[in-house]
Amino acid sequence: ADVDEAQYDKDKVRFEVREKGTQDWTPVTAVRDSEGTFSAEIKGLAPSTVYEYRLVLTSLESGEEEILAAPSDVTTENAVPVPNGGFETTSNDESNKYKSFYDPSSSDPTLQKQWWGNGNKGATLVGSGSVICYPDASDYKEGTQSVCLQSRWVVVKFAAGNLFSGHFGDLIGTTGGTVYFGRPFTARPTALRLWVKYSGGVINRESGNVPSDGKKGNYDKASIRIALGTWDFRKYGGTESCPVEVNTTDKSSFFDPAGQDVIAYGRFVTDHDMEWTKVEIPLEYVSTSRRPTHIIVSCAASMLGDYFTGSPDSILWIDDMRLEY
């Protein structure tokens, strides 16, 4: 709100809000951002609901409250969840060498098709003993299992344990592979919340072009990233359902969190071991007027796995992943 502080008491500016069609207003004290500019953030609203809000000021001359204009309407976001965020649903539909986190026979349509991808397809070409992403029924925080990401040295290449919204493409000889990131998504959450456990190791595998914190002798880092954006598959080389193609042999194709098509971004990184810890990753929006078309969630037991760098001792567990609104 823009308020004339020569006319109204700057210490008594407030908003009021109510669900449309109800009688009682809930007062919310405004924060003075700068001279004449006030704002308020209202939490605890129901999803997909129409609310009314209005501005209430106190006149300096009369000392009486004034309601400024008619109420305005706002409709809250639909609180779309992360599919299979507890990682309870699995199948061997993709391969008999490893479990994938979907099941065509599920009664829930959101679990019938692949949403979560990983690098198992490439890592297990030498055998099922090289699985880098799998359900773990021996260590979890809710339900009956978690998802475990385990970095490994696979014959001639380092493979970071990974999980992401999208799917693995193809191997490029023994030098790398293609990965497709992103799933259709139009909601605007405020944060990603999940349970995390990490057991890392000292980096003993590195590539020639790795950043300085990925040199041998440094402790490995796990990372979890979330981004919302308007990536067009014709621009980023992917498909309509997974628009961003990353070629691990081409650094220029790596995801850029500051890219012009990114609407919101958040990241969590740990460089030390953790027992099960609830982590909340806030999403920082560069625009609240644009609506995303896709979401990228990317988790790695070795943060610099794109550079084939990390420790084969690094293991990351994740469970109960939720979007906050």
# chains A, B, ... in the order shown; residues from 1 in each chain; ligands from 1
call {"tool": "residues_around", "arguments": {"residues": "Val31 in chain A", "least_positions_apart": "2", "cutoff": "10 Å", "atoms": "only C-alpha atoms", "output": "count of residues only"}}
result
13
call {"tool": "select_by_dssp", "arguments": {"residues": "range 101-235 of chain A", "states": "strand (DSSP E or B)", "output": "ChimeraX atom specification"}}
result
/A:116-117,133-136,146-150,152-154,157-159,162-172,176-181,183-184,191-199,202,205,219,222-229
call {"tool": "residues_around", "arguments": {"residues": "range 199-216 of chain A", "least_positions_apart": "2", "cutoff": "9 Å", "atoms": "only C-alpha atoms", "output": "count of residues only"}}
result
29
call {"tool": "select_by_dssp", "arguments": {"residues": "range 203-291 of chain A", "states": "alpha helix (DSSP H)", "output": "list in words"}}
result
Phe233, Arg234, Lys235 and Tyr236 of chain A
call {"tool": "atom_distance", "arguments": {"atom1": "CA of Tyr53 in chain A", "atom2": "CA of Thr26 in chain A"}}
result
9.3 Å
call {"tool": "residues_around", "arguments": {"residues": "Ala137 in chain A", "least_positions_apart": "5", "cutoff": "10 Å", "atoms": "only C-alpha atoms", "output": "MDAnalysis selection string"}}
result
chainID A and resid 88 143:148
call {"tool": "write_last_selection", "arguments": {"atoms": "all heavy atoms", "output": "compact mmCIF listing (two decimals), in the first residue's frame"}}
result
# COMPACT_ATOMS: atom_id res chain seq x y z
N GLU A 88 7.77 -44.28 -1.96
CA GLU A 88 7.22 -45.58 -1.56
C GLU A 88 6.89 -46.46 -2.75
O GLU A 88 6.90 -47.68 -2.64
CB GLU A 88 5.96 -45.36 -0.71
CG GLU A 88 6.20 -44.62 0.60
CD GLU A 88 6.99 -45.47 1.57
OE1 GLU A 88 6.59 -46.62 1.84
OE2 GLU A 88 8.02 -44.98 2.07
N GLY A 143 6.94 -43.67 6.25
CA GLY A 143 6.55 -44.78 5.39
C GLY A 143 7.38 -46.02 5.68
O GLY A 143 7.66 -46.36 6.83
N THR A 144 7.83 -46.67 4.61
CA THR A 144 8.57 -47.93 4.76
C THR A 144 9.97 -47.90 4.13
O THR A 144 10.71 -48.85 4.26
CB THR A 144 7.79 -49.09 4.11
OG1 THR A 144 7.63 -48.83 2.71
CG2 THR A 144 6.42 -49.25 4.76
N GLN A 145 10.32 -46.78 3.44
CA GLN A 145 11.63 -46.71 2.82
C GLN A 145 11.96 -45.28 2.42
O GLN A 145 11.09 -44.41 2.37
CB GLN A 145 11.69 -47.61 1.58
CG GLN A 145 10.73 -47.20 0.47
CD GLN A 145 10.65 -48.22 -0.66
OE1 GLN A 145 10.93 -49.39 -0.48
NE2 GLN A 145 10.26 -47.76 -1.84
N SER A 146 13.24 -45.03 2.16
CA SER A 146 13.72 -43.76 1.63
C SER A 146 14.31 -44.03 0.25
O SER A 146 14.30 -45.17 -0.24
CB SER A 146 14.79 -43.16 2.55
OG SER A 146 15.94 -44.02 2.56
N VAL A 147 14.84 -42.98 -0.39
CA VAL A 147 15.62 -43.17 -1.60
C VAL A 147 17.08 -42.90 -1.24
O VAL A 147 17.39 -41.93 -0.54
CB VAL A 147 15.15 -42.26 -2.75
CG1 VAL A 147 15.23 -40.78 -2.39
CG2 VAL A 147 15.98 -42.52 -4.01
N CYS A 148 17.96 -43.78 -1.68
CA CYS A 148 19.39 -43.68 -1.37
C CYS A 148 20.17 -43.42 -2.65
O CYS A 148 20.00 -44.13 -3.66
CB CYS A 148 19.87 -44.97 -0.72
SG CYS A 148 21.61 -44.94 -0.22
call {"tool": "atom_distance", "arguments": {"atom1": "CA of Met321 in chain A", "atom2": "CA of Ile42 in chain A"}}
result
23.9 Å
call {"tool": "atom_distance", "arguments": {"atom1": "CA of Asn118 in chain A", "atom2": "CA of Leu163 in chain A"}}
result
4.7 Å
call {"tool": "residues_around", "arguments": {"residues": "range 109-117 of chain A", "least_positions_apart": "3", "cutoff": "7 Å", "atoms": "only C-alpha atoms", "output": "compact mmCIF listing (two decimals) with all heavy atoms, in the first residue's frame"}}
result
# COMPACT_ATOMS: atom_id res chain seq x y z
N PRO A 83 5.25 -35.63 -6.98
CA PRO A 83 4.82 -37.01 -7.15
C PRO A 83 5.75 -37.99 -6.44
O PRO A 83 6.98 -37.87 -6.53
CB PRO A 83 4.86 -37.21 -8.67
CG PRO A 83 4.75 -35.84 -9.25
CD PRO A 83 5.47 -34.95 -8.27
N ASN A 84 5.17 -38.93 -5.71
CA ASN A 84 5.94 -39.98 -5.04
C ASN A 84 7.04 -39.39 -4.15
O ASN A 84 8.17 -39.88 -4.11
CB ASN A 84 6.57 -40.93 -6.07
CG ASN A 84 6.88 -42.30 -5.51
OD1 ASN A 84 6.46 -42.66 -4.41
ND2 ASN A 84 7.64 -43.08 -6.26
N PHE A 101 11.14 -45.32 -9.65
CA PHE A 101 10.18 -44.76 -8.70
C PHE A 101 8.86 -44.39 -9.37
O PHE A 101 8.40 -43.25 -9.32
CB PHE A 101 10.81 -43.60 -7.95
CG PHE A 101 11.91 -44.06 -7.03
CD1 PHE A 101 13.21 -44.13 -7.48
CD2 PHE A 101 11.61 -44.48 -5.74
CE1 PHE A 101 14.22 -44.60 -6.64
CE2 PHE A 101 12.60 -44.95 -4.90
CZ PHE A 101 13.91 -45.02 -5.36
N TYR A 102 8.24 -45.40 -9.98
CA TYR A 102 6.88 -45.31 -10.52
C TYR A 102 6.41 -46.74 -10.74
O TYR A 102 7.20 -47.70 -10.67
CB TYR A 102 6.83 -44.51 -11.82
CG TYR A 102 7.53 -45.18 -12.99
CD1 TYR A 102 6.80 -45.90 -13.94
CD2 TYR A 102 8.91 -45.10 -13.16
CE1 TYR A 102 7.42 -46.51 -15.02
CE2 TYR A 102 9.54 -45.71 -14.23
CZ TYR A 102 8.80 -46.41 -15.16
OH TYR A 102 9.43 -47.03 -16.22
N ASP A 103 5.12 -46.92 -11.00
CA ASP A 103 4.58 -48.25 -11.20
C ASP A 103 3.37 -48.17 -12.12
O ASP A 103 2.34 -47.59 -11.75
CB ASP A 103 4.17 -48.86 -9.85
CG ASP A 103 3.70 -50.31 -9.98
OD1 ASP A 103 3.61 -50.81 -11.11
OD2 ASP A 103 3.43 -50.93 -8.93
N PRO A 104 3.46 -48.68 -13.35
CA PRO A 104 2.33 -48.61 -14.29
C PRO A 104 1.06 -49.25 -13.75
O PRO A 104 -0.04 -48.91 -14.21
CB PRO A 104 2.86 -49.38 -15.51
CG PRO A 104 4.34 -49.30 -15.41
CD PRO A 104 4.64 -49.32 -13.94
N SER A 105 1.17 -50.16 -12.78
CA SER A 105 -0.02 -50.83 -12.25
C SER A 105 -0.63 -50.10 -11.06
O SER A 105 -1.63 -50.56 -10.49
CB SER A 105 0.34 -52.26 -11.82
OG SER A 105 1.27 -52.25 -10.73
N SER A 106 -0.07 -48.95 -10.68
CA SER A 106 -0.59 -48.20 -9.54
C SER A 106 -2.00 -47.68 -9.83
O SER A 106 -2.33 -47.34 -10.96
CB SER A 106 0.33 -47.01 -9.22
OG SER A 106 -0.24 -46.18 -8.23
N LEU A 163 19.37 -38.21 -8.39
CA LEU A 163 17.93 -38.32 -8.57
C LEU A 163 17.43 -36.97 -9.06
O LEU A 163 17.85 -35.94 -8.54
CB LEU A 163 17.26 -38.67 -7.24
CG LEU A 163 15.73 -38.70 -7.22
CD1 LEU A 163 15.23 -40.02 -7.81
CD2 LEU A 163 15.20 -38.54 -5.79
N PHE A 164 16.55 -36.96 -10.06
CA PHE A 164 16.11 -35.69 -10.62
C PHE A 164 14.77 -35.84 -11.31
O PHE A 164 14.36 -36.94 -11.68
CB PHE A 164 17.15 -35.14 -11.61
CG PHE A 164 17.54 -36.13 -12.68
CD1 PHE A 164 16.84 -36.21 -13.87
CD2 PHE A 164 18.63 -36.98 -12.49
CE1 PHE A 164 17.19 -37.13 -14.85
CE2 PHE A 164 19.00 -37.90 -13.46
CZ PHE A 164 18.28 -37.98 -14.64
N SER A 165 14.07 -34.72 -11.45
CA SER A 165 12.83 -34.71 -12.21
C SER A 165 13.19 -34.71 -13.69
O SER A 165 13.67 -33.72 -14.21
CB SER A 165 11.97 -33.49 -11.84
OG SER A 165 12.70 -32.29 -12.04
N GLY A 166 12.97 -35.83 -14.34
CA GLY A 166 13.36 -35.97 -15.74
C GLY A 166 13.73 -37.40 -16.04
O GLY A 166 13.25 -38.34 -15.41
N HIS A 167 14.62 -37.58 -17.02
CA HIS A 167 15.05 -38.95 -17.35
C HIS A 167 16.44 -38.94 -17.95
O HIS A 167 16.90 -37.93 -18.51
CB HIS A 167 14.06 -39.64 -18.31
CG HIS A 167 14.03 -39.04 -19.70
ND1 HIS A 167 14.86 -39.46 -20.71
CD2 HIS A 167 13.27 -38.05 -20.24
CE1 HIS A 167 14.62 -38.77 -21.81
NE2 HIS A 167 13.66 -37.90 -21.55
N PHE A 168 17.12 -40.06 -17.82
CA PHE A 168 18.46 -40.23 -18.39
C PHE A 168 18.30 -40.47 -19.90
O PHE A 168 17.38 -41.14 -20.34
CB PHE A 168 19.14 -41.43 -17.72
CG PHE A 168 20.57 -41.64 -18.15
CD1 PHE A 168 21.60 -40.93 -17.56
CD2 PHE A 168 20.88 -42.53 -19.17
CE1 PHE A 168 22.93 -41.12 -17.95
CE2 PHE A 168 22.19 -42.73 -19.57
CZ PHE A 168 23.21 -42.02 -18.96
call {"tool": "closest_residue", "arguments": {"among": "A:Ser107, A:Asp139, A:Arg188, A:Gly177", "to": "Lys121 in chain A", "atoms": "only C-alpha atoms"}}
result
A:Gly177
call {"tool": "residues_around", "arguments": {"residues": "range 67-75 of chain A", "least_positions_apart": "2", "cutoff": "7 Å", "atoms": "only C-alpha atoms", "output": "ChimeraX atom specification"}}
result
/A:48-57,65,77
call {"tool": "closest_residue", "arguments": {"among": "A:Asp136, A:Glu64, A:Glu142, A:Glu240", "to": "Phe185 in chain A", "atoms": "only C-alpha atoms"}}
result
A:Glu240
call {"tool": "closest_atom_pairs", "arguments": {"of": "range 291-313 of chain A", "to": "range 256-263 of chain A", "cutoff": "12 Å", "atoms": "only C-alpha atoms", "output": "CSV"}}
result
residue,atom,partner,partner_atom,distance
A:Arg291,CA,A:Ile263,CA,7.8
A:Pro292,CA,A:Ile263,CA,6.8
A:Thr293,CA,A:Ile263,CA,9.8
A:His294,CA,A:Val262,CA,9.8
A:Ile295,CA,A:Val262,CA,9.8
A:Ile296,CA,A:Val262,CA,10.2
call {"tool": "write_last_selection", "arguments": {"atoms": "C-alpha atoms", "output": "short mmCIF file (atom, residue, chain, number, x, y, z; two decimals), in the first residue's frame"}}
result
data_model
loop_
_atom_site.label_atom_id
_atom_site.label_comp_id
_atom_site.auth_asym_id
_atom_site.auth_seq_id
_atom_site.Cartn_x
_atom_site.Cartn_y
_atom_site.Cartn_z
CA ARG A 291 4.01 -18.45 -14.17
CA PRO A 292 6.33 -21.44 -14.67
CA THR A 293 5.84 -24.19 -17.20
CA HIS A 294 8.24 -26.74 -15.65
CA ILE A 295 9.96 -27.71 -12.41
CA ILE A 296 13.46 -29.07 -11.93
#
call {"tool": "closest_residue", "arguments": {"among": "A:Phe15, A:Glu5, A:Pro282, A:Ser100", "to": "Pro27 in chain A", "atoms": "only C-alpha atoms"}}
result
A:Phe15
call {"tool": "closest_residue", "arguments": {"among": "A:Gly161, A:Pro184, A:Pro189, A:Pro47", "to": "Asn78 in chain A", "atoms": "only C-alpha atoms"}}
result
A:Pro47
call {"tool": "decode", "arguments": {"residues": "range 198-211 of chain A", "atoms": "all heavy atoms", "output": "PDB file, in the first residue's frame"}}
result
ATOM      1  N   TYR A 198      23.263 -37.736   5.289  1.00  0.00           N
ATOM      2  CA  TYR A 198      24.424 -37.743   4.392  1.00  0.00           C
ATOM      3  C   TYR A 198      25.638 -38.356   5.073  1.00  0.00           C
ATOM      4  O   TYR A 198      25.925 -38.078   6.243  1.00  0.00           O
ATOM      5  CB  TYR A 198      24.763 -36.315   3.958  1.00  0.00           C
ATOM      6  CG  TYR A 198      25.877 -36.237   2.926  1.00  0.00           C
ATOM      7  CD1 TYR A 198      25.778 -36.929   1.722  1.00  0.00           C
ATOM      8  CD2 TYR A 198      27.016 -35.464   3.149  1.00  0.00           C
ATOM      9  CE1 TYR A 198      26.782 -36.847   0.765  1.00  0.00           C
ATOM     10  CE2 TYR A 198      28.021 -35.373   2.200  1.00  0.00           C
ATOM     11  CZ  TYR A 198      27.902 -36.076   1.004  1.00  0.00           C
ATOM     12  OH  TYR A 198      28.901 -36.002   0.064  1.00  0.00           O
ATOM     13  N   SER A 199      26.332 -39.192   4.334  1.00  0.00           N
ATOM     14  CA  SER A 199      27.626 -39.733   4.743  1.00  0.00           C
ATOM     15  C   SER A 199      28.575 -39.541   3.567  1.00  0.00           C
ATOM     16  O   SER A 199      28.420 -40.184   2.521  1.00  0.00           O
ATOM     17  CB  SER A 199      27.503 -41.221   5.096  1.00  0.00           C
ATOM     18  OG  SER A 199      28.767 -41.766   5.411  1.00  0.00           O
ATOM     19  N   GLY A 200      29.518 -38.605   3.700  1.00  0.00           N
ATOM     20  CA  GLY A 200      30.395 -38.259   2.587  1.00  0.00           C
ATOM     21  C   GLY A 200      31.770 -38.887   2.692  1.00  0.00           C
ATOM     22  O   GLY A 200      32.019 -39.784   3.501  1.00  0.00           O
ATOM     23  N   GLY A 201      32.666 -38.394   1.865  1.00  0.00           N
ATOM     24  CA  GLY A 201      34.035 -38.880   1.853  1.00  0.00           C
ATOM     25  C   GLY A 201      34.953 -37.856   1.214  1.00  0.00           C
ATOM     26  O   GLY A 201      34.503 -36.842   0.671  1.00  0.00           O
ATOM     27  N   VAL A 202      36.237 -38.110   1.267  1.00  0.00           N
ATOM     28  CA  VAL A 202      37.232 -37.220   0.669  1.00  0.00           C
ATOM     29  C   VAL A 202      37.286 -37.471  -0.838  1.00  0.00           C
ATOM     30  O   VAL A 202      37.325 -38.620  -1.296  1.00  0.00           O
ATOM     31  CB  VAL A 202      38.620 -37.450   1.302  1.00  0.00           C
ATOM     32  CG1 VAL A 202      39.674 -36.611   0.601  1.00  0.00           C
ATOM     33  CG2 VAL A 202      38.574 -37.123   2.791  1.00  0.00           C
ATOM     34  N   ILE A 203      37.266 -36.397  -1.615  1.00  0.00           N
ATOM     35  CA  ILE A 203      37.301 -36.509  -3.072  1.00  0.00           C
ATOM     36  C   ILE A 203      38.605 -37.171  -3.521  1.00  0.00           C
ATOM     37  O   ILE A 203      39.697 -36.716  -3.180  1.00  0.00           O
ATOM     38  CB  ILE A 203      37.168 -35.122  -3.727  1.00  0.00           C
ATOM     39  CG1 ILE A 203      35.793 -34.519  -3.412  1.00  0.00           C
ATOM     40  CG2 ILE A 203      37.384 -35.200  -5.243  1.00  0.00           C
ATOM     41  CD1 ILE A 203      35.621 -33.078  -3.865  1.00  0.00           C
ATOM     42  N   ASN A 204      38.470 -38.249  -4.262  1.00  0.00           N
ATOM     43  CA  ASN A 204      39.652 -38.907  -4.823  1.00  0.00           C
ATOM     44  C   ASN A 204      39.519 -39.159  -6.325  1.00  0.00           C
ATOM     45  O   ASN A 204      40.353 -39.822  -6.932  1.00  0.00           O
ATOM     46  CB  ASN A 204      39.951 -40.218  -4.098  1.00  0.00           C
ATOM     47  CG  ASN A 204      38.823 -41.228  -4.215  1.00  0.00           C
ATOM     48  OD1 ASN A 204      37.828 -40.992  -4.905  1.00  0.00           O
ATOM     49  ND2 ASN A 204      38.967 -42.353  -3.536  1.00  0.00           N
ATOM     50  N   ARG A 205      38.429 -38.625  -6.892  1.00  0.00           N
ATOM     51  CA  ARG A 205      38.236 -38.692  -8.342  1.00  0.00           C
ATOM     52  C   ARG A 205      37.917 -37.285  -8.832  1.00  0.00           C
ATOM     53  O   ARG A 205      36.981 -36.655  -8.326  1.00  0.00           O
ATOM     54  CB  ARG A 205      37.089 -39.641  -8.703  1.00  0.00           C
ATOM     55  CG  ARG A 205      37.262 -41.060  -8.202  1.00  0.00           C
ATOM     56  CD  ARG A 205      38.318 -41.815  -8.967  1.00  0.00           C
ATOM     57  NE  ARG A 205      38.421 -43.200  -8.493  1.00  0.00           N
ATOM     58  CZ  ARG A 205      39.270 -44.095  -9.000  1.00  0.00           C
ATOM     59  NH1 ARG A 205      40.057 -43.749  -9.998  1.00  0.00           N
ATOM     60  NH2 ARG A 205      39.313 -45.322  -8.503  1.00  0.00           N
ATOM     61  N   GLU A 206      38.681 -36.780  -9.778  1.00  0.00           N
ATOM     62  CA  GLU A 206      38.414 -35.443 -10.302  1.00  0.00           C
ATOM     63  C   GLU A 206      38.717 -35.391 -11.787  1.00  0.00           C
ATOM     64  O   GLU A 206      39.512 -36.176 -12.310  1.00  0.00           O
ATOM     65  CB  GLU A 206      39.234 -34.385  -9.568  1.00  0.00           C
ATOM     66  CG  GLU A 206      40.718 -34.394  -9.890  1.00  0.00           C
ATOM     67  CD  GLU A 206      41.446 -33.180  -9.330  1.00  0.00           C
ATOM     68  OE1 GLU A 206      41.803 -33.195  -8.151  1.00  0.00           O
ATOM     69  OE2 GLU A 206      41.666 -32.241 -10.126  1.00  0.00           O
ATOM     70  N   SER A 207      38.063 -34.454 -12.464  1.00  0.00           N
ATOM     71  CA  SER A 207      38.325 -34.225 -13.882  1.00  0.00           C
ATOM     72  C   SER A 207      39.195 -32.986 -14.034  1.00  0.00           C
ATOM     73  O   SER A 207      39.385 -32.216 -13.083  1.00  0.00           O
ATOM     74  CB  SER A 207      37.007 -34.040 -14.637  1.00  0.00           C
ATOM     75  OG  SER A 207      36.334 -32.892 -14.179  1.00  0.00           O
ATOM     76  N   GLY A 208      39.701 -32.772 -15.226  1.00  0.00           N
ATOM     77  CA  GLY A 208      40.648 -31.685 -15.442  1.00  0.00           C
ATOM     78  C   GLY A 208      40.045 -30.304 -15.352  1.00  0.00           C
ATOM     79  O   GLY A 208      40.745 -29.349 -15.018  1.00  0.00           O
ATOM     80  N   ASN A 209      38.741 -30.166 -15.631  1.00  0.00           N
ATOM     81  CA  ASN A 209      38.136 -28.831 -15.671  1.00  0.00           C
ATOM     82  C   ASN A 209      37.237 -28.563 -14.476  1.00  0.00           C
ATOM     83  O   ASN A 209      36.374 -27.683 -14.509  1.00  0.00           O
ATOM     84  CB  ASN A 209      37.329 -28.660 -16.968  1.00  0.00           C
ATOM     85  CG  ASN A 209      36.184 -29.673 -17.060  1.00  0.00           C
ATOM     86  OD1 ASN A 209      36.149 -30.653 -16.315  1.00  0.00           O
ATOM     87  ND2 ASN A 209      35.264 -29.436 -17.981  1.00  0.00           N
ATOM     88  N   VAL A 210      37.430 -29.300 -13.375  1.00  0.00           N
ATOM     89  CA  VAL A 210      36.552 -29.168 -12.224  1.00  0.00           C
ATOM     90  C   VAL A 210      36.833 -27.861 -11.477  1.00  0.00           C
ATOM     91  O   VAL A 210      37.974 -27.388 -11.445  1.00  0.00           O
ATOM     92  CB  VAL A 210      36.741 -30.371 -11.273  1.00  0.00           C
ATOM     93  CG1 VAL A 210      38.097 -30.312 -10.574  1.00  0.00           C
ATOM     94  CG2 VAL A 210      35.623 -30.451 -10.248  1.00  0.00           C
ATOM     95  N   PRO A 211      35.803 -27.216 -10.880  1.00  0.00           N
ATOM     96  CA  PRO A 211      36.033 -26.025 -10.046  1.00  0.00           C
ATOM     97  C   PRO A 211      36.967 -26.343  -8.878  1.00  0.00           C
ATOM     98  O   PRO A 211      37.149 -27.503  -8.500  1.00  0.00           O
ATOM     99  CB  PRO A 211      34.626 -25.662  -9.569  1.00  0.00           C
ATOM    100  CG  PRO A 211      33.709 -26.233 -10.605  1.00  0.00           C
ATOM    101  CD  PRO A 211      34.371 -27.487 -11.073  1.00  0.00           C
TER     102      PRO A 211
END
